[in-house]
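Worksheet: the structure to be examined is printed underneath.
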Amino acid sequence: NGAVFSKVRGSQSGEDSTRWHVVRKFLGLISNHNIPVYLIDPLILGLVDKDIERIRSSPSGPSPECKYFCTPRDFTTFALLDKTWKPEVGLFKTAEKMGFQWLKIINKDPRLDGMDDLSGVEIPLHYIFKLASHAIHLVVFYERSGNYLWHGPLRLKQHMDRKFVPFRKLHFGRYPGAYEKPELLLVSIDDLKVQIPKNPSSFLEEMSHSRFLECRYREARAFFQVYPDDASLDAVEFRKKAKSLLHLAALTLNNLGVKFWLSSGTCLGWYRQCNVIPHSKDVDLGVFIRDYKADIIPAFQKAGLPLKHKFGKVEDSLELSFQGEDDVKLDIFFFYEEDDHIWNGGTQAKSGKKFKYLFPKFTLCWTEFVELKVHVPCETLQYVEANYGPDWKVPVKTWDWKSSPSNVQYNGVWPVDEWDDVIQIY
């Protein structure tokens, strides 16, 4: 229908305006069914971000050329919040009448998984609408208990047509992702009204680090069959305090913009049993030294967590410990990057001896732990094995930080004249 193409002026080839035409039809379809979607296409958001001030302020008059939606690409990607619509047959019937072919990808709902029930209930994760040579990828986002948004992976079932679209080129779905809830902005782009994240550049930055790892409930259940969980009053009480300490630590570090992850025993508890290890007595976090900020200590003190000890210095082996409720403490270990490994330091207060813990290089993924969206090393198994050796699945009640870890090395002694600075105990 050439009349549609002529709406977008400027010298665009038919192929280019086909993309615009498909997006326009799709937006018409979902607006007829009152389904609020927003644009999350990284290619288009990247272009929009360059012109964001002009787009925000410009009236929605006709644009002289099709600059964004005519960009060469196989897909345009939109997001849909699960709770804002009810999957309805009418939508797909209308889509077919408009000439769309469509595909629905469903998979397990991880929000229903738990220690008591691996539910296996399936939910829609992705929809693909195809018209002519262009496709719309609609990613379904779900709210999770850490108050964040999650989307699932795109995994085709056996019977599905693998040639329906070039799936390998999709931007979303190779793995699950976690995002903060975005503020949205209604704008006019290429004469089409569309919602976009208010700050496209921060959404794109978030997208590049959005990979999400699910807690391993199946393995955790198997673990508890061999080593029954400690359900004593002390254990329950400790887990409650550890959870609130972790939430407070996350709030404090997030407010400072300091990226952190679950480390040591806290990471092991997440990976092995999807919970805090009840006999651990502390909460352990890791921070890259490049992300260190001088206001970390005052911020924690202001949050009601006094400094318990400070070992090392920013250039070497820094670690901080804060006193939480009762005898639960928060340990923050700072990690230093070398060419082929990453390490954090340890200091023995009475002797001034230094220790070093070596880890293979790792990247950070999101997970959900005690109702908190939080980072863990993506390469969790290598990280845990470095720290706890090949027998990490076997619980150990007595642990000596100077000799038990399989990655510990002796690292010399602090010079006595530096002790006042590098060994501070409060």
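Each chain in the structure tokens gets a letter, A, B and so on, in the order shown; residues start at 1 in every chain, and ligands are counted from 1 in the order they appear.
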
| task | Please give the complete set of residues from region 85-215 of chain A that DSSP, run on the backbone, assigns to strand (DSSP E or B), formatted as a PyMOL selection string. | result | chain A and resi 101-108+122-131+134-144+148-151+177-179+184-189+192-197+211-212

| said: Let's see if you can do this: from backbone DSSP, list all alpha helix (DSSP H) residues in region 126-216 of chain A, as a list in words. | reply: Pro200, Ser201, Ser202, Phe203, Leu204, Glu205, Glu206, Met207 and Ser208 of chain A

Keeping N, CA, C and O atoms, export the residues of the selection given above as a PDB file, in the first residue's frame.
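again.pdb, written as the output of this step:
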```
ATOM      1  N   PRO A 200      17.563   7.182  27.841  1.00  0.00           N
ATOM      2  CA  PRO A 200      17.962   6.058  26.989  1.00  0.00           C
ATOM      3  C   PRO A 200      19.392   5.582  27.253  1.00  0.00           C
ATOM      4  O   PRO A 200      19.648   4.381  27.250  1.00  0.00           O
ATOM      5  N   SER A 201      20.311   6.519  27.535  1.00  0.00           N
ATOM      6  CA  SER A 201      21.705   6.078  27.692  1.00  0.00           C
ATOM      7  C   SER A 201      21.876   5.218  28.939  1.00  0.00           C
ATOM      8  O   SER A 201      22.621   4.237  28.923  1.00  0.00           O
ATOM      9  N   SER A 202      21.152   5.549  30.031  1.00  0.00           N
ATOM     10  CA  SER A 202      21.322   4.708  31.215  1.00  0.00           C
ATOM     11  C   SER A 202      20.628   3.360  31.017  1.00  0.00           C
ATOM     12  O   SER A 202      21.090   2.338  31.523  1.00  0.00           O
ATOM     13  N   PHE A 203      19.549   3.325  30.223  1.00  0.00           N
ATOM     14  CA  PHE A 203      18.925   2.027  29.907  1.00  0.00           C
ATOM     15  C   PHE A 203      19.898   1.160  29.098  1.00  0.00           C
ATOM     16  O   PHE A 203      20.047  -0.038  29.351  1.00  0.00           O
ATOM     17  N   LEU A 204      20.567   1.770  28.127  1.00  0.00           N
ATOM     18  CA  LEU A 204      21.506   1.013  27.282  1.00  0.00           C
ATOM     19  C   LEU A 204      22.699   0.522  28.094  1.00  0.00           C
ATOM     20  O   LEU A 204      23.195  -0.594  27.896  1.00  0.00           O
ATOM     21  N   GLU A 205      23.132   1.335  29.045  1.00  0.00           N
ATOM     22  CA  GLU A 205      24.233   0.937  29.934  1.00  0.00           C
ATOM     23  C   GLU A 205      23.767  -0.258  30.789  1.00  0.00           C
ATOM     24  O   GLU A 205      24.488  -1.249  30.951  1.00  0.00           O
ATOM     25  N   GLU A 206      22.554  -0.156  31.302  1.00  0.00           N
ATOM     26  CA  GLU A 206      21.988  -1.237  32.118  1.00  0.00           C
ATOM     27  C   GLU A 206      21.875  -2.529  31.296  1.00  0.00           C
ATOM     28  O   GLU A 206      22.163  -3.619  31.774  1.00  0.00           O
ATOM     29  N   MET A 207      21.477  -2.355  30.035  1.00  0.00           N
ATOM     30  CA  MET A 207      21.290  -3.516  29.162  1.00  0.00           C
ATOM     31  C   MET A 207      22.600  -4.287  28.976  1.00  0.00           C
ATOM     32  O   MET A 207      22.610  -5.514  28.932  1.00  0.00           O
ATOM     33  N   SER A 208      23.708  -3.564  28.908  1.00  0.00           N
ATOM     34  CA  SER A 208      24.990  -4.232  28.655  1.00  0.00           C
ATOM     35  C   SER A 208      25.460  -5.052  29.854  1.00  0.00           C
ATOM     36  O   SER A 208      26.347  -5.874  29.736  1.00  0.00           O
TER      37      SER A 208
END
```

Please build the interface table for region 296-347 of chain A against region 411-425 of chain A with a cut-off of 12 Å, listing for each qualifying residue the nearest atom pair and the distance in Å to one decimal; count only C-alpha atoms, order rows by chain and increasing number, and write it as CSV.
```
residue,atom,partner,partner_atom,distance
A:Pro306,CA,A:Ile425,CA,11.3
A:Leu307,CA,A:Ile425,CA,8.4
A:Lys308,CA,A:Ile425,CA,6.1
A:His309,CA,A:Ile425,CA,4.4
A:Lys310,CA,A:Gln424,CA,5.1
A:Phe311,CA,A:Ile423,CA,4.9
A:Gly312,CA,A:Val422,CA,4.4
A:Lys313,CA,A:Val422,CA,6.0
A:Val314,CA,A:Val422,CA,9.8
A:Glu315,CA,A:Val422,CA,11.0
A:Asp316,CA,A:Val422,CA,9.5
A:Ser317,CA,A:Val422,CA,9.2
A:Leu318,CA,A:Val422,CA,8.4
A:Glu319,CA,A:Val422,CA,9.8
A:Leu320,CA,A:Gln424,CA,9.7
A:Ser321,CA,A:Ile425,CA,9.5
A:Phe322,CA,A:Ile425,CA,10.7
A:Gln323,CA,A:Ile425,CA,11.7
A:Trp343,CA,A:Asn411,CA,11.5
A:Asn344,CA,A:Asn411,CA,11.1
A:Gly345,CA,A:Asn411,CA,8.6
A:Gly346,CA,A:Asn411,CA,9.0
A:Thr347,CA,A:Ile423,CA,7.9
```

| Distance of CA of Phe92 (chain A) from CA of Ser133 (chain A), expressed in Å to one decimal place | 19.1 Å

| Shortest interatomic distance to Leu372 (chain A) - which of A:Cys274, A:Leu233, A:His247, A:His137, counting only C-alpha atoms |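 Of the candidates, the smallest distance to Leu372 (chain A) is held by A:His247.
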
| request: Kindly give the distance, in Å, that separates CA of Ile189 (chain A) and CA of Leu80 (chain A), rounded to a single decimal. | output: 19.0 Å

| What is the distance between CA of Leu268 (chain A) and CA of Lys350 (chain A), in Å to one decimal? | 28.4 Å

| request: For Asn32 (chain A), list every protein, DNA or RNA residue within 10 Å, evaluated using only C-alpha atoms, and leave out those in the same chain fewer than 6 positions away; present the list as a ChimeraX atom specification. | output: /A:26,91,94

Selection above as a file: C-alpha atoms, as a tab-separated table (two decimals), in the first residue's frame:
```
chain	number	residue	atom	x	y	z
A	26	PHE	CA	2.18	-2.82	15.21
A	91	LEU	CA	-5.05	-9.43	19.85
A	94	THR	CA	-6.54	-8.87	14.81
```

| Spatial neighbours of Val187 (chain A), max dist 7 Å, only C-alpha atoms, sep filter under 5 positions, as a ChimeraX atom specification | /A:55-56,193-195

The selected residues should be written to file as a PDB file, in the first residue's frame (atoms: N, CA, C and O atoms).
```pdb
ATOM      1  N   ILE A  55      14.305  15.784  20.623  1.00  0.00           N
ATOM      2  CA  ILE A  55      13.096  14.947  20.590  1.00  0.00           C
ATOM      3  C   ILE A  55      12.164  15.290  21.757  1.00  0.00           C
ATOM      4  O   ILE A  55      10.945  15.360  21.602  1.00  0.00           O
ATOM      5  N   ARG A  56      12.767  15.543  22.928  1.00  0.00           N
ATOM      6  CA  ARG A  56      11.943  15.858  24.102  1.00  0.00           C
ATOM      7  C   ARG A  56      11.186  17.167  23.908  1.00  0.00           C
ATOM      8  O   ARG A  56      10.061  17.315  24.354  1.00  0.00           O
ATOM      9  N   LYS A 193       3.954   8.105  17.610  1.00  0.00           N
ATOM     10  CA  LYS A 193       4.000   8.339  19.064  1.00  0.00           C
ATOM     11  C   LYS A 193       4.412   7.052  19.757  1.00  0.00           C
ATOM     12  O   LYS A 193       3.800   6.005  19.535  1.00  0.00           O
ATOM     13  N   VAL A 194       5.441   7.152  20.609  1.00  0.00           N
ATOM     14  CA  VAL A 194       5.953   5.940  21.228  1.00  0.00           C
ATOM     15  C   VAL A 194       6.547   6.267  22.602  1.00  0.00           C
ATOM     16  O   VAL A 194       7.075   7.360  22.808  1.00  0.00           O
ATOM     17  N   GLN A 195       6.419   5.334  23.529  1.00  0.00           N
ATOM     18  CA  GLN A 195       7.045   5.511  24.851  1.00  0.00           C
ATOM     19  C   GLN A 195       8.478   4.989  24.804  1.00  0.00           C
ATOM     20  O   GLN A 195       8.737   3.936  24.219  1.00  0.00           O
TER      21      GLN A 195
END
```
